[in-house]
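*Asks:* Sharing a structure with you now.
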Amino acid sequence: MPCGNVIFQNRRFKKMIFRKPDIQLFQHIAESEIRVCKPVILQVCKTVKLDDTYCVGLYEDEWDFHSIKISRAEIWNPIELFATIVHEYVHAWQSENGEDSLAHNTVGFRKFHRYFKAHYDINILGFNHV
C-alpha cells in the first residue's frame with residue numbers, strides 16, 4: 001500500500017498532491033464495485049513500464065494476490081487516477097472470472113466501462129492529455 005503523500009506531476013498546472021486517503025478512497029470504491037476474491041496489492045510507483053513502454057498502470061496476476069502498479073509520472077489529475085485504479089481492478093476481475101485479463105473488448109470489461117461511465121462519469125478505457 002502506498003504511504004504518505006504521493007506527488008503527481010500535472011503538466012498543465014502546478015504539481016498535484018494525492019494523499020494516502022485519496023488513493024484509499026478510489027481503491028475502496030473500486031473494491032466495492034468490482035468484487036474480487038484474492039487480495040489486491042496497489043503500489044504507486046515513480047514510473048511503470050511494460051515492454052519498455054511507459055504506461056499509467058499495470059496489472060499482474062500473482063498466485064495468491066493481484067498486483068496493481070500506478071505511475072505517478074503519467075497520471076495528471078484525480079479523475080485519471082480513479083479511472084486507472086478502476087481499469088486495473090477490472091483486469092483483476094477478468095482474471096478471476098475466466099476472461100482474458102489482457103483484453104479490453106470482453107463482455108465483462110465493456111460492462112464495467114458502461115457502468116463507470118454512467119455512475120461515475122469516468123472513462124476506464126483511456127484518456128487523452130491535451
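Identifiers in this document derive from the order of the C-alpha cells: chains are assigned A, B, ..., residues are numbered from 1 separately in each chain, and ligands are numbered from 1 in order of occurrence.
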Find the residues around Trp93 (chain A) up to 10 Å (only C-alpha atoms counted), leave out those fewer than 3 positions away in its own chain, and share them as a list in words.

*Replies:*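 The neighbour list is Ile34, Arg35, Val36, Cys37, Lys38, His66, Glu88, Tyr89, Val90, Glu96, Asn97, Gly98, Glu99, Ser101, Gly108 and Phe109 of chain A.
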
*Asks:* Could those selected residues go to a file with N, CA, C and O atoms, as a compact mmCIF listing (two decimals), in the first residue's frame?

*Replies:*
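Result file follows (out35.txt):
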```txt
# COMPACT_ATOMS: atom_id res chain seq x y z
N ILE A 34 -16.29 -3.63 -7.81
CA ILE A 34 -15.71 -4.74 -8.58
C ILE A 34 -15.25 -5.80 -7.59
O ILE A 34 -14.19 -5.67 -6.98
N ARG A 35 -16.04 -6.80 -7.41
CA ARG A 35 -15.73 -7.82 -6.40
C ARG A 35 -14.69 -8.81 -6.93
O ARG A 35 -14.89 -9.42 -7.98
N VAL A 36 -13.59 -8.95 -6.18
CA VAL A 36 -12.59 -9.98 -6.48
C VAL A 36 -12.32 -10.75 -5.19
O VAL A 36 -12.49 -10.22 -4.09
N CYS A 37 -11.92 -12.00 -5.34
CA CYS A 37 -11.70 -12.86 -4.18
C CYS A 37 -10.30 -12.70 -3.57
O CYS A 37 -10.15 -12.62 -2.36
N LYS A 38 -9.30 -12.65 -4.43
CA LYS A 38 -7.92 -12.54 -3.94
C LYS A 38 -7.65 -11.09 -3.51
O LYS A 38 -8.23 -10.16 -4.07
N HIS A 66 -3.56 -10.12 -6.42
CA HIS A 66 -3.50 -9.30 -7.62
C HIS A 66 -2.55 -8.14 -7.35
O HIS A 66 -2.63 -7.52 -6.28
N GLU A 88 -7.51 -1.14 -13.76
CA GLU A 88 -6.68 -2.27 -13.34
C GLU A 88 -7.48 -3.26 -12.48
O GLU A 88 -7.26 -4.47 -12.56
N TYR A 89 -8.42 -2.77 -11.69
CA TYR A 89 -9.30 -3.67 -10.92
C TYR A 89 -10.14 -4.53 -11.86
O TYR A 89 -10.42 -5.70 -11.56
N VAL A 90 -10.57 -3.98 -12.97
CA VAL A 90 -11.35 -4.77 -13.93
C VAL A 90 -10.49 -5.92 -14.47
O VAL A 90 -10.98 -7.04 -14.65
N GLU A 96 -10.18 -13.51 -12.51
CA GLU A 96 -10.93 -14.43 -11.63
C GLU A 96 -12.20 -14.98 -12.28
O GLU A 96 -12.76 -15.95 -11.79
N ASN A 97 -12.63 -14.38 -13.38
CA ASN A 97 -13.90 -14.77 -13.99
C ASN A 97 -13.75 -15.37 -15.38
O ASN A 97 -14.70 -15.39 -16.16
N GLY A 98 -12.57 -15.86 -15.69
CA GLY A 98 -12.37 -16.62 -16.93
C GLY A 98 -12.27 -15.80 -18.19
O GLY A 98 -12.36 -16.35 -19.29
N GLU A 99 -12.10 -14.47 -18.07
CA GLU A 99 -11.90 -13.65 -19.26
C GLU A 99 -10.42 -13.38 -19.45
O GLU A 99 -9.63 -13.47 -18.51
N SER A 101 -7.42 -11.49 -19.26
CA SER A 101 -7.13 -10.33 -18.42
C SER A 101 -6.25 -9.29 -19.12
O SER A 101 -5.92 -8.27 -18.53
N GLY A 108 -17.22 -8.59 -19.98
CA GLY A 108 -17.09 -8.02 -18.64
C GLY A 108 -16.47 -6.64 -18.64
O GLY A 108 -16.93 -5.74 -17.93
N PHE A 109 -15.41 -6.46 -19.42
CA PHE A 109 -14.76 -5.15 -19.46
C PHE A 109 -15.71 -4.10 -20.01
O PHE A 109 -15.81 -3.00 -19.46
```

*Asks:* DSSP on the backbone: which residues in chain A end up as alpha helix (DSSP H)? Give the answer as JSON, numbers by chain.

*Replies:* {"A": [20, 21, 22, 23, 24, 25, 26, 27, 28, 29, 30, 31, 32, 33, 78, 79, 80, 81, 82, 83, 84, 85, 86, 87, 88, 89, 90, 91, 92, 93, 94, 95, 96, 107, 108, 109, 110, 111, 112, 113, 114, 115, 116, 117, 118, 119, 120]}

*Asks:* Could you save those same residues with C-alpha atoms as a CSV table (one decimal), in the first residue's frame?

*Replies:*
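selection-v3.csv was written with the following content:
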```csv
chain,number,residue,atom,x,y,z
A,20,LYS,CA,-2.9,8.4,1.1
A,21,PRO,CA,-6.7,8.9,1.9
A,22,ASP,CA,-7.4,10.0,-1.7
A,23,ILE,CA,-5.8,6.8,-3.0
A,24,GLN,CA,-7.5,4.7,-0.4
A,25,LEU,CA,-10.9,6.2,-1.3
A,26,PHE,CA,-10.5,5.4,-5.0
A,27,GLN,CA,-9.4,1.9,-4.1
A,28,HIS,CA,-12.3,1.4,-1.7
A,29,ILE,CA,-14.8,2.5,-4.5
A,30,ALA,CA,-13.1,0.1,-6.9
A,31,GLU,CA,-13.2,-2.8,-4.3
A,32,SER,CA,-16.9,-2.2,-3.5
A,33,GLU,CA,-18.0,-2.0,-7.2
A,78,PRO,CA,-7.5,12.7,-9.7
A,79,ILE,CA,-10.0,11.6,-12.4
A,80,GLU,CA,-7.2,9.9,-14.3
A,81,LEU,CA,-6.0,8.3,-11.0
A,82,PHE,CA,-9.5,7.0,-10.3
A,83,ALA,CA,-10.0,5.7,-13.9
A,84,THR,CA,-6.7,3.9,-13.8
A,85,ILE,CA,-7.3,2.2,-10.5
A,86,VAL,CA,-10.7,1.0,-11.7
A,87,HIS,CA,-9.3,-0.1,-15.1
A,88,GLU,CA,-6.7,-2.3,-13.3
A,89,TYR,CA,-9.3,-3.7,-10.9
A,90,VAL,CA,-11.3,-4.8,-13.9
A,91,HIS,CA,-8.3,-6.8,-15.1
A,92,ALA,CA,-8.3,-8.5,-11.7
A,93,TRP,CA,-12.0,-9.3,-12.1
A,94,GLN,CA,-11.4,-10.7,-15.6
A,95,SER,CA,-8.6,-12.9,-14.3
A,96,GLU,CA,-10.9,-14.4,-11.6
A,107,VAL,CA,-18.1,-8.7,-22.2
A,108,GLY,CA,-17.1,-8.0,-18.6
A,109,PHE,CA,-14.8,-5.2,-19.5
A,110,ARG,CA,-17.4,-3.5,-21.6
A,111,LYS,CA,-20.0,-3.9,-18.8
A,112,PHE,CA,-17.7,-2.2,-16.3
A,113,HIS,CA,-16.8,0.5,-18.8
A,114,ARG,CA,-20.5,1.4,-19.3
A,115,TYR,CA,-21.3,1.1,-15.6
A,116,PHE,CA,-18.5,3.5,-14.5
A,117,LYS,CA,-19.3,5.9,-17.3
A,118,ALA,CA,-22.9,6.0,-16.3
A,119,HIS,CA,-22.4,6.2,-12.5
A,120,TYR,CA,-19.1,8.0,-12.1
```

*Asks:* Which residues are near Ile68 (chain A)? Cut-off 9 Å, only C-alpha atoms, ignore same chain within fewer than 3 positions. Put them as a PyMOL selection string.

*Replies:* chain A and resi 40-44+57-61+85+88-89+92

*Asks:* Record the distance separating CA of Asp51 (chain A) and CA of Ile122 (chain A), expressed in Å with one decimal.

*Replies:*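 Going from CA of Asp51 (chain A) over to CA of Ile122 (chain A) covers 26.9 Å.
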
*Asks:* What does the distance from CA of Leu125 (chain A) to CA of Asp64 (chain A) come to in Å, to one decimal?

*Replies:*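 Result for CA of Leu125 (chain A) versus CA of Asp64 (chain A): 26.4 Å, one decimal.
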
*Asks:* Hey, what does DSSP flag as strand (DSSP E) within chain A? Can you give it to me as a ChimeraX atom specification?

*Replies:* /A:6-8,16-18,40-45,49-50,53-54,57-61,66-71

*Asks:* What does the structure give for the distance between CA of Val48 (chain A) and CA of Ser71 (chain A), in Å to one decimal?

*Replies:*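 So the two atoms, CA of Val48 (chain A) and CA of Ser71 (chain A), lie 5.2 Å apart.
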